[in-house]
Each structure stands twice: as C-alpha cells, then as structure tokens.
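Asks: Following this line is start.cif, made up of mmCIF, C-alpha atoms:
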```cif
data_input
#
loop_
_atom_site.group_PDB
_atom_site.id
_atom_site.type_symbol
_atom_site.label_atom_id
_atom_site.label_comp_id
_atom_site.auth_asym_id
_atom_site.auth_seq_id
_atom_site.Cartn_x
_atom_site.Cartn_y
_atom_site.Cartn_z
ATOM 1 C CA MET A 1 27.536 16.037 7.481
ATOM 2 C CA SER A 2 30.385 18.148 6.328
ATOM 3 C CA TYR A 3 33.747 16.967 5.051
ATOM 4 C CA GLY A 4 35.379 19.557 7.287
ATOM 5 C CA CYS A 5 33.824 18.048 10.415
ATOM 6 C CA ALA A 6 36.215 15.728 12.225
ATOM 7 C CA TYR A 7 33.369 14.000 14.040
ATOM 8 C CA CYS A 8 31.647 13.262 10.710
ATOM 9 C CA ARG A 9 34.836 11.585 9.562
ATOM 10 C CA VAL A 10 34.806 9.364 12.647
ATOM 11 C CA ILE A 11 31.190 8.352 12.161
ATOM 12 C CA GLU A 12 31.421 7.757 8.384
ATOM 13 C CA PRO A 13 32.673 4.126 8.613
ATOM 14 C CA VAL A 14 30.059 3.476 11.299
ATOM 15 C CA LEU A 15 27.308 4.693 8.962
ATOM 16 C CA GLN A 16 28.684 2.464 6.225
ATOM 17 C CA GLN A 17 28.400 -0.532 8.537
ATOM 18 C CA VAL A 18 24.887 0.490 9.577
ATOM 19 C CA ALA A 19 23.919 0.979 5.911
ATOM 20 C CA GLU A 20 25.075 -2.579 5.245
ATOM 21 C CA ILE A 21 23.083 -3.939 8.204
ATOM 22 C CA VAL A 22 19.826 -2.135 7.427
ATOM 23 C CA LYS A 23 20.031 -2.149 3.639
ATOM 24 C CA SER A 24 17.043 -4.449 3.202
ATOM 25 C CA GLU A 25 14.715 -2.122 5.119
ATOM 26 C CA GLU A 26 16.194 1.349 5.187
ATOM 27 C CA ARG A 27 18.451 3.563 3.191
ATOM 28 C CA ILE A 28 20.947 6.043 4.513
ATOM 29 C CA PHE A 29 21.850 9.206 2.651
ATOM 30 C CA ARG A 30 24.269 11.903 3.547
ATOM 31 C CA VAL A 31 23.887 15.585 2.759
ATOM 32 C CA ASN A 32 26.814 17.974 2.835
ATOM 33 C CA VAL A 33 25.486 20.941 4.800
ATOM 34 C CA ALA A 34 28.416 23.089 3.684
ATOM 35 C CA VAL A 35 26.995 22.826 0.162
ATOM 36 C CA GLU A 36 23.291 22.418 0.841
ATOM 37 C CA ARG A 37 22.919 25.328 3.229
ATOM 38 C CA GLU A 38 19.314 26.005 2.316
ATOM 39 C CA LEU A 39 18.328 22.394 2.882
ATOM 40 C CA ALA A 40 20.209 22.364 6.194
ATOM 41 C CA GLY A 41 18.417 25.529 7.233
ATOM 42 C CA SER A 42 15.013 24.186 6.306
ATOM 43 C CA TYR A 43 15.621 21.179 8.559
ATOM 44 C CA ASP A 44 17.077 23.317 11.340
ATOM 45 C CA ILE A 45 20.442 21.548 11.336
ATOM 46 C CA GLN A 46 22.378 23.145 14.212
ATOM 47 C CA SER A 47 25.489 21.003 14.213
ATOM 48 C CA THR A 48 27.162 18.179 12.373
ATOM 49 C CA PRO A 49 26.792 15.294 12.275
ATOM 50 C CA THR A 50 23.030 15.227 12.639
ATOM 51 C CA LEU A 51 21.135 12.065 11.805
ATOM 52 C CA VAL A 52 17.550 12.721 10.765
ATOM 53 C CA MET A 53 15.213 9.754 10.406
ATOM 54 C CA PHE A 54 12.246 9.830 8.025
ATOM 55 C CA LEU A 55 9.343 7.439 7.751
ATOM 56 C CA ASN A 56 6.837 7.887 4.921
ATOM 57 C CA GLY A 57 8.183 11.365 4.271
ATOM 58 C CA ARG A 58 7.775 12.501 7.871
ATOM 59 C CA GLU A 59 10.609 13.139 10.277
ATOM 60 C CA VAL A 60 10.327 10.670 13.130
ATOM 61 C CA GLY A 61 13.511 11.454 15.026
ATOM 62 C CA ARG A 62 16.938 12.961 14.991
ATOM 63 C CA VAL A 63 20.240 12.595 16.784
ATOM 64 C CA GLU A 64 22.945 15.212 16.967
ATOM 65 C CA GLY A 65 26.491 14.025 17.514
ATOM 66 C CA PRO A 66 25.654 10.375 18.227
ATOM 67 C CA ASN A 67 28.262 8.089 19.718
ATOM 68 C CA PRO A 68 30.259 6.759 16.790
ATOM 69 C CA THR A 69 29.323 3.134 17.362
ATOM 70 C CA VAL A 70 27.122 0.861 15.303
ATOM 71 C CA ALA A 71 25.061 -0.050 18.376
ATOM 72 C CA SER A 72 24.424 3.566 19.241
ATOM 73 C CA VAL A 73 23.266 4.509 15.755
ATOM 74 C CA LEU A 74 21.110 1.401 15.456
ATOM 75 C CA THR A 75 19.524 2.129 18.827
ATOM 76 C CA ALA A 76 18.699 5.671 17.738
ATOM 77 C CA MET A 77 17.137 4.380 14.547
ATOM 78 C CA THR A 78 15.159 1.707 16.374
ATOM 79 C CA GLN A 79 13.817 4.266 18.830
ATOM 80 C CA ALA A 80 12.823 6.608 16.032
ATOM 81 C CA PHE A 81 11.190 4.055 13.782
ATOM 82 C CA GLY A 82 9.668 2.098 16.631
ATOM 83 C CA SER A 83 7.889 5.068 18.125
ATOM 84 C CA MET B 1 51.926 20.251 -12.778
ATOM 85 C CA THR B 2 54.968 22.443 -12.205
ATOM 86 C CA LYS B 3 54.076 24.098 -8.919
ATOM 87 C CA PRO B 4 53.010 22.748 -5.553
ATOM 88 C CA ILE B 5 49.252 22.765 -4.978
ATOM 89 C CA LEU B 6 48.054 23.849 -1.556
ATOM 90 C CA LEU B 7 44.650 22.363 -0.795
ATOM 91 C CA PHE B 8 42.612 24.358 1.679
ATOM 92 C CA ASN B 9 39.194 24.196 3.276
ATOM 93 C CA ASP B 10 37.197 26.957 1.623
ATOM 94 C CA GLU B 11 34.445 26.624 4.230
ATOM 95 C CA CYS B 12 36.848 27.511 7.038
ATOM 96 C CA GLY B 13 37.487 31.204 7.626
ATOM 97 C CA VAL B 14 40.928 30.596 9.144
ATOM 98 C CA CYS B 15 42.026 28.360 6.265
ATOM 99 C CA ARG B 16 40.681 30.838 3.723
ATOM 100 C CA ARG B 17 42.609 33.727 5.257
ATOM 101 C CA LEU B 18 45.812 31.682 5.433
ATOM 102 C CA ALA B 19 45.414 30.553 1.817
ATOM 103 C CA ARG B 20 44.913 34.150 0.706
ATOM 104 C CA TRP B 21 48.056 35.140 2.591
ATOM 105 C CA VAL B 22 49.982 32.343 0.893
ATOM 106 C CA GLY B 23 48.632 33.518 -2.459
ATOM 107 C CA ARG B 24 49.769 37.076 -1.865
ATOM 108 C CA SER B 25 53.127 36.105 -0.395
ATOM 109 C CA GLY B 26 53.828 33.591 -3.120
ATOM 110 C CA LEU B 27 53.905 36.129 -5.918
ATOM 111 C CA ASN B 28 57.356 36.786 -7.293
ATOM 112 C CA GLY B 29 58.561 39.986 -8.945
ATOM 113 C CA SER B 30 56.866 39.174 -12.230
ATOM 114 C CA GLY B 31 53.556 38.421 -10.517
ATOM 115 C CA GLU B 32 53.845 34.675 -10.935
ATOM 116 C CA ALA B 33 52.687 32.489 -8.049
ATOM 117 C CA SER B 34 55.089 29.952 -6.574
ATOM 118 C CA ILE B 35 52.260 27.936 -5.019
ATOM 119 C CA VAL B 36 48.798 27.209 -6.411
ATOM 120 C CA GLU B 37 46.049 27.415 -3.782
ATOM 121 C CA GLN B 38 43.033 25.277 -4.507
ATOM 122 C CA PRO B 39 39.865 24.810 -2.447
ATOM 123 C CA ILE B 40 39.265 21.170 -1.562
ATOM 124 C CA GLY B 41 35.645 21.375 -2.657
ATOM 125 C CA ASP B 42 33.089 18.633 -2.175
ATOM 126 C CA ASP B 43 33.821 16.195 -4.981
ATOM 127 C CA PRO B 44 35.997 13.267 -3.896
ATOM 128 C CA ASP B 45 36.523 12.177 -7.516
ATOM 129 C CA ALA B 46 37.721 15.607 -8.641
ATOM 130 C CA LEU B 47 40.248 15.516 -5.835
ATOM 131 C CA ARG B 48 41.584 12.145 -6.977
ATOM 132 C CA LEU B 49 42.347 13.677 -10.358
ATOM 133 C CA ILE B 50 45.039 15.728 -8.619
ATOM 134 C CA ASN B 51 46.474 12.704 -6.846
ATOM 135 C CA LEU B 52 45.009 9.217 -6.726
ATOM 136 C CA ASP B 53 45.927 8.878 -3.057
ATOM 137 C CA LEU B 54 44.002 11.980 -2.048
ATOM 138 C CA ASP B 55 41.074 11.215 0.201
ATOM 139 C CA ILE B 56 38.624 14.066 0.736
ATOM 140 C CA TRP B 57 38.199 13.303 4.453
ATOM 141 C CA ASP B 58 41.982 13.359 4.925
ATOM 142 C CA ALA B 59 42.263 16.562 2.916
ATOM 143 C CA TYR B 60 39.806 18.323 5.213
ATOM 144 C CA ALA B 61 41.370 16.857 8.343
ATOM 145 C CA THR B 62 44.864 18.193 7.706
ATOM 146 C CA ILE B 63 46.625 20.534 5.317
ATOM 147 C CA HIS B 64 47.870 18.848 2.130
ATOM 148 C CA LEU B 65 50.518 20.143 -0.236
ATOM 149 C CA VAL B 66 50.735 18.184 -3.483
ATOM 150 C CA MET B 67 54.242 18.462 -4.884
ATOM 151 C CA PRO B 68 55.049 18.609 -8.617
ATOM 152 C CA ASP B 69 56.601 15.120 -8.407
ATOM 153 C CA GLY B 70 53.274 13.703 -7.163
ATOM 154 C CA SER B 71 54.326 13.304 -3.551
ATOM 155 C CA MET B 72 52.302 14.909 -0.761
ATOM 156 C CA LYS B 73 53.339 16.750 2.352
ATOM 157 C CA LEU B 74 50.927 16.896 5.260
ATOM 158 C CA GLY B 75 50.413 18.981 8.387
ATOM 159 C CA GLY B 76 53.511 20.696 9.743
ATOM 160 C CA GLU B 77 55.642 19.286 6.931
ATOM 161 C CA ALA B 78 53.363 20.993 4.417
ATOM 162 C CA VAL B 79 53.543 24.272 6.336
ATOM 163 C CA ALA B 80 57.359 24.119 6.323
ATOM 164 C CA GLU B 81 57.389 23.429 2.591
ATOM 165 C CA VAL B 82 55.010 26.331 1.965
ATOM 166 C CA LEU B 83 57.268 28.649 3.981
ATOM 167 C CA ARG B 84 60.264 27.439 1.964
ATOM 168 C CA ASN B 85 58.425 28.437 -1.224
ATOM 169 C CA LEU B 86 57.383 31.940 -0.203
ATOM 170 C CA GLN B 87 59.579 34.933 -0.971
ATOM 171 C CA ASN B 88 59.246 36.566 2.425
ATOM 172 C CA THR B 89 59.621 33.447 4.583
ATOM 173 C CA LYS B 90 62.144 31.252 2.820
ATOM 174 C CA TRP B 91 65.010 33.095 4.558
ATOM 175 C CA PHE B 92 64.140 31.425 7.868
ATOM 176 C CA ALA B 93 62.324 28.280 6.680
ATOM 177 C CA TRP B 94 65.631 26.416 6.426
ATOM 178 C CA ILE B 95 65.592 25.989 10.223
ATOM 179 C CA PHE B 96 62.891 23.337 9.893
ATOM 180 C CA ALA B 97 65.403 21.088 8.130
ATOM 181 C CA ILE B 98 67.977 21.287 10.937
ATOM 182 C CA SER B 99 68.459 17.855 12.422
ATOM 183 C CA LEU B 100 69.984 17.078 15.821
ATOM 184 C CA PHE B 101 70.569 13.418 16.642
ATOM 185 C CA GLY B 102 68.025 12.440 14.025
ATOM 186 C CA ILE B 103 65.358 14.799 15.344
ATOM 187 C CA ARG B 104 64.336 18.038 13.670
ATOM 188 C CA PRO B 105 63.428 20.124 16.736
ATOM 189 C CA PHE B 106 62.029 23.132 14.891
ATOM 190 C CA GLN B 107 59.931 20.883 12.699
ATOM 191 C CA VAL B 108 58.596 19.143 15.805
ATOM 192 C CA VAL B 109 57.590 22.514 17.262
ATOM 193 C CA LEU B 110 55.960 23.480 13.965
ATOM 194 C CA ASN B 111 54.066 20.178 13.867
ATOM 195 C CA MET B 112 52.743 20.818 17.371
ATOM 196 C CA ALA B 113 51.824 24.407 16.549
ATOM 197 C CA TYR B 114 49.938 23.214 13.492
ATOM 198 C CA ALA B 115 48.081 20.568 15.531
ATOM 199 C CA VAL B 116 47.004 23.194 18.081
ATOM 200 C CA LEU B 117 45.884 25.621 15.369
ATOM 201 C CA ALA B 118 43.917 22.881 13.620
ATOM 202 C CA SER B 119 42.171 22.034 16.896
ATOM 203 C CA ILE B 120 41.153 25.573 17.751
ATOM 204 C CA ARG B 121 39.825 26.396 14.292
ATOM 205 C CA PRO B 122 36.207 26.311 15.527
ATOM 206 C CA LEU B 123 37.086 29.161 17.887
ATOM 207 C CA LEU B 124 38.782 31.189 15.194
ATOM 208 C CA GLY B 125 35.986 31.022 12.657
ATOM 209 C CA CYS B 126 35.703 27.655 10.970
ATOM 210 C CA GLU B 127 32.146 27.447 9.678
ATOM 211 C CA SER B 128 32.348 23.819 8.639
ATOM 212 C CA CYS B 129 34.407 22.175 11.382
ATOM 213 C CA GLY B 130 31.302 20.606 12.901
ATOM 214 C CA THR B 131 31.155 19.389 16.466
ATOM 215 C CA PRO B 132 34.405 20.482 18.130
ATOM 216 C CA SER B 133 36.597 17.994 19.929
ATOM 217 C CA VAL B 134 35.686 17.220 23.541
ATOM 218 C CA TRP B 135 38.414 19.358 25.126
ATOM 219 C CA MET B 136 37.317 22.327 22.997
ATOM 220 C CA ARG B 137 33.631 22.219 23.842
ATOM 221 C CA PRO B 138 33.753 24.264 27.093
ATOM 222 C CA MET B 139 35.624 27.016 25.249
ATOM 223 C CA VAL B 140 33.191 26.947 22.321
ATOM 224 C CA TRP B 141 30.292 27.055 24.760
ATOM 225 C CA ALA B 142 31.860 30.035 26.578
ATOM 226 C CA MET B 143 32.442 31.843 23.272
ATOM 227 C CA LYS B 144 28.806 31.324 22.254
ATOM 228 C CA ARG B 145 27.618 32.659 25.603
ATOM 229 C CA ALA B 146 29.920 35.653 25.311
ATOM 230 C CA ARG B 147 28.652 36.404 21.808
ATOM 231 C CA ALA B 148 25.064 36.137 23.006
ATOM 232 C CA MET B 149 25.722 38.459 25.964
ATOM 233 C CA PHE B 150 27.726 41.085 24.127
ATOM 234 C CA GLY B 151 25.639 41.567 21.053
ATOM 235 C CA GLY B 152 26.597 38.648 18.857
ATOM 236 C CA SER B 153 23.505 36.768 17.819
ATOM 237 C CA ARG B 154 25.249 33.793 16.280
ATOM 238 C CA ASP B 155 24.077 30.485 17.614
ATOM 239 C CA ALA B 156 23.134 31.667 21.065
ATOM 240 C CA ILE B 157 20.914 28.645 21.638
ATOM 241 C CA PRO B 158 22.661 25.655 23.223
ATOM 242 C CA LEU B 159 22.903 22.638 20.981
ATOM 243 C CA ARG B 160 20.328 19.945 21.559
ATOM 244 C CA HIS B 161 21.209 16.316 21.878
ATOM 245 C CA PHE B 162 19.291 13.186 21.069
ATOM 246 C CA THR B 163 15.820 14.489 20.576
ATOM 247 C CA PRO B 164 13.677 11.817 18.981
ATOM 248 C CA GLN B 165 10.228 13.058 18.086
ATOM 249 C CA SER B 166 11.702 16.494 17.620
ATOM 250 C CA ALA B 167 9.998 17.050 14.308
ATOM 251 C CA ALA B 168 9.206 20.704 14.640
ATOM 252 C CA GLU B 169 5.749 21.788 13.663
ATOM 253 C CA GLY B 170 5.900 23.508 10.363
ATOM 254 C CA ARG B 171 9.150 21.967 9.270
ATOM 255 C CA PRO B 172 8.765 21.239 5.570
ATOM 256 C CA PRO B 173 8.511 17.634 4.437
ATOM 257 C CA PRO B 174 11.480 16.079 2.638
ATOM 258 C CA ALA B 175 12.117 17.330 -0.865
ATOM 259 C CA ALA B 176 10.021 15.694 -3.541
ATOM 260 C CA GLY B 177 11.237 12.262 -4.463
ATOM 261 C CA PRO B 178 13.266 9.869 -2.406
ATOM 262 C CA LEU B 179 16.452 11.963 -2.361
ATOM 263 C CA PRO B 180 17.078 15.521 -1.270
ATOM 264 C CA PRO B 181 19.268 17.447 -3.702
ATOM 265 C CA LYS B 182 22.869 16.246 -3.737
ATOM 266 C CA ALA B 183 22.190 13.554 -1.162
ATOM 267 C CA VAL B 184 24.709 10.763 -1.469
ATOM 268 C CA THR B 185 23.905 7.193 -0.558
ATOM 269 C CA VAL B 186 26.100 5.851 2.213
ATOM 270 C CA THR B 187 27.467 2.611 0.881
ATOM 271 C CA PRO B 188 30.114 0.279 2.251
ATOM 272 C CA ARG B 189 33.522 1.091 0.795
ATOM 273 C CA HIS B 190 34.065 -2.383 -0.594
ATOM 274 C CA SER B 191 30.976 -2.142 -2.796
ATOM 275 C CA ARG B 192 31.986 1.139 -4.450
#
```
Any chance you could put this one into structure tokens?

Replies:
Amino acid sequence: MSYGCAYCRVIEPVLQQVAEIVKSEERIFRVNVAVERELAGSYDIQSTPTLVMFLNGREVGRVEGPNPTVASVLTAMTQAFGS
Amino acid sequence: MTKPILLFNDECGVCRRLARWVGRSGLNGSGEASIVEQPIGDDPDALRLINLDLDIWDAYATIHLVMPDGSMKLGGEAVAEVLRNLQNTKWFAWIFAISLFGIRPFQVVLNMAYAVLASIRPLLGCESCGTPSVWMRPMVWAMKRARAMFGGSRDAIPLRHFTPQSAAEGRPPPAAGPLPPKAVTVTPRHSR
C-alpha cells in the first residue's frame, strides 16, 4: 500500500473488516511501498494495492487492485490458501 | 505555530514541485517564509501532533493547509489561501473571495481545477498515487505504451491482475521473522 494511493484508501476499511473476520487464523499486515522500496522491489510489487498471501513463509497467491469488498478479498484469500 | 503549514505529498513529483514553488514564492524581502511546507511523511501519529483532526489518508488525498489558529483549509480553499499568502500572487487572490448570490464563482472554478489536477497526477509524475482512477486508466496505459515505444523504459509491462500461484521462481522468502520491516498490522479502528 501507499498512503498516496486513493485505491488503497478505499480498501483500507475493507481490510480492517477482513482482519477482524480472519483474526483467529490469519494476520494481515500492510507495508508502505513508498517507504519500503527495496522490499517492494524484492517482491516485484508493480502497483498498489497489492495483496500478497503467504503460507508457511511461501507466497501462495497475490491480487493486484482487488475489488474493495470484503467478499472479494476473502475469496482471493480462500483461493490462495485453499490451493 | 505562527505561520500556515502546507502539507504535501513528498512521494509525488507534481506535489513536490508545487511545494518548492510555494517555498520560493513565499519568501519575503528579508528571506522569511510566509508559509511552512512540510512533507506528510508516513507516520500518522506525527501528523496528529500538528492537528488532532489530521488523518494521514485524508492528507494524502487532498491538499491540507493548517492555519495558525488550528483550523484547516482543504483542496481549492487551501490553494486560494496559499495564493493569498504569497508575495507574487496575493494581488489577484482576492478574486476567490468574491461572492455573487452566495456563490463564489472563482473559488468554484479553482476547486474544479484542483480536482482535475489531483486526478491527473499519475500522468504528471506522481510516483506514489497507486492505481489510477478508472477514467484515467486508458490515458495511463497510452502513456506507458508511448514511453515504451519512444525510448522510455519505465514500466513498459502491462500490469497483471489476480494471479494466484504467481510466486515467481527465485523470489526471496519473506524477511526473517513474522513481520517484514515496518509492516503494520491491519487492525479494526475501534480496537486501536
């Protein structure tokens, strides 16, 4: 994410709701790519917001610019972690 | 605080250039600035020290001018106030206060001009504006293609969308420990 990204602002409350829903099983973190440029580069972040899902330290999926709805984000996570 | 503080997005080339122009234009004869320009930064708490009502997302979304009395002017209103404070623009900035039948026509035009400028920032060189709004995307796409064709190498590859299982071979594993550096846990607002 980046604070300067309007789309990130839209999806922020959605991520908060998702974090509340999945808090017993998963944790959601946000990284400011405007600050952590090296980290963003190492994960090949091309645009914001990008959701990257990790399982046991391995990336299992990512979504760029997801629809800013709880259902959409949850679906993306389910697909990533279920695969 | 005795001078207005202009908060600007330091990650945005357009905003940076405008802030520098304000800084230069705001100097009076004795070299004293009439407006303090301050990058918004990335610390929401530091921003609240300036004004408790300042929200970092809002600050990045639209221009904020924090007045010495603690009030804030936003968007076109902030631009008008900045122009009123600069030596070389205050001679015409009074027009934004002209009111006809309860409407300030010049201020309305300025508000619209600001909204358009804010929307096209990704085209003008905003490195941190993220995914542009829907109506801007064809233009951004065309600009990227043009750059790729005429020698610019920046981001010539189209953006990918929804690519589960896209873990590229060779991509390094997450940083040691559960959190990458400066990662912030997303928590519901009510629990903060």

Asks: Based on all atoms listed in the file, which of the residues in chain A come within 6 Å of chain B? I want them as a VMD selection string.

Replies: chain A and resid 3 to 5 16 28 to 31 47 to 48 57 59 to 64

Asks: Run through the PyMOL selection byres ((chain B and resi 115) around 12) on the given coordinates and return the selected residues as a list of chain:residue names.

Replies: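 Output from the PyMOL selection byres ((chain B and resi 115) around 12), applied to this file: B:Ala61, B:Thr62, B:Ile63, B:Leu74, B:Gly75, B:Gly76, B:Glu77, B:Val79, B:Val108, B:Val109, B:Leu110, B:Asn111, B:Met112, B:Ala113, B:Tyr114, B:Val116, B:Leu117, B:Ala118, B:Ser119, B:Ile120, B:Arg121.
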
Asks: I'd like to see the residues matched by the PyMOL selection byres ((chain A and resi 37) around 12) on this file, and ideally I'd get them as a list of chain:residue names.

Replies: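 Here the PyMOL selection byres ((chain A and resi 37) around 12) matches A:Met1, A:Ser2, A:Val31, A:Asn32, A:Val33, A:Ala34, A:Val35, A:Glu36, A:Glu38, A:Leu39, A:Ala40, A:Gly41, A:Ser42, A:Tyr43, A:Asp44, A:Ile45, A:Gln46, B:Glu11, B:Glu127, B:Ser128, B:Pro181, B:Lys182.
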
Asks: Go ahead and compute the interatomic distance for CA of Asp55 (chain B) and CA of Ile35 (chain B), in Å to one decimal.

Replies: 20.8 Å

Asks: Record the distance separating CA of Val36 (chain B) and CA of Met1 (chain B), expressed in Å with one decimal.

Replies: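 Rounded to one decimal, the two atoms are 9.9 Å apart.
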
Asks: I'd like the contact shell of Met72 (chain B) - 10 Å cut-off, all atoms listed in the file, skipping same-chain residues fewer than 4 positions apart - returned as a list of chain:residue names.

Replies: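 So the residues in contact are B:Pro4, B:Ile5, B:Leu6, B:Asn51, B:Asp53, B:Leu54, B:His64, B:Leu65, B:Val66, B:Met67, B:Pro68, B:Glu77, B:Ala78.
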
Asks: With C-alpha atoms retained, write the just-selected residues as a PDB file, in the coordinates of the input.

Replies:
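selection-v3.pdb, freshly written:
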```
ATOM      1  CA  PRO B   4      53.010  22.748  -5.553  1.00  0.00           C
ATOM      2  CA  ILE B   5      49.252  22.765  -4.978  1.00  0.00           C
ATOM      3  CA  LEU B   6      48.054  23.849  -1.556  1.00  0.00           C
ATOM      4  CA  ASN B  51      46.474  12.704  -6.846  1.00  0.00           C
ATOM      5  CA  ASP B  53      45.927   8.878  -3.057  1.00  0.00           C
ATOM      6  CA  LEU B  54      44.002  11.980  -2.048  1.00  0.00           C
ATOM      7  CA  HIS B  64      47.870  18.848   2.130  1.00  0.00           C
ATOM      8  CA  LEU B  65      50.518  20.143  -0.236  1.00  0.00           C
ATOM      9  CA  VAL B  66      50.735  18.184  -3.483  1.00  0.00           C
ATOM     10  CA  MET B  67      54.242  18.462  -4.884  1.00  0.00           C
ATOM     11  CA  PRO B  68      55.049  18.609  -8.617  1.00  0.00           C
ATOM     12  CA  GLU B  77      55.642  19.286   6.931  1.00  0.00           C
ATOM     13  CA  ALA B  78      53.363  20.993   4.417  1.00  0.00           C
TER      14      ALA B  78
END
```

Asks: Please compute the CA of Cys8 (chain A)-CA of Ala46 (chain B) distance, one decimal, in Å.

Replies: 20.4 Å

Asks: Counting only C-alpha atoms, which of B:Ile50, B:Leu18, B:Leu86, B:Ala148 gets nearest to Ser71 (chain B)?

Replies: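 The shortest atom-to-atom distance to Ser71 (chain B) comes from B:Ile50.
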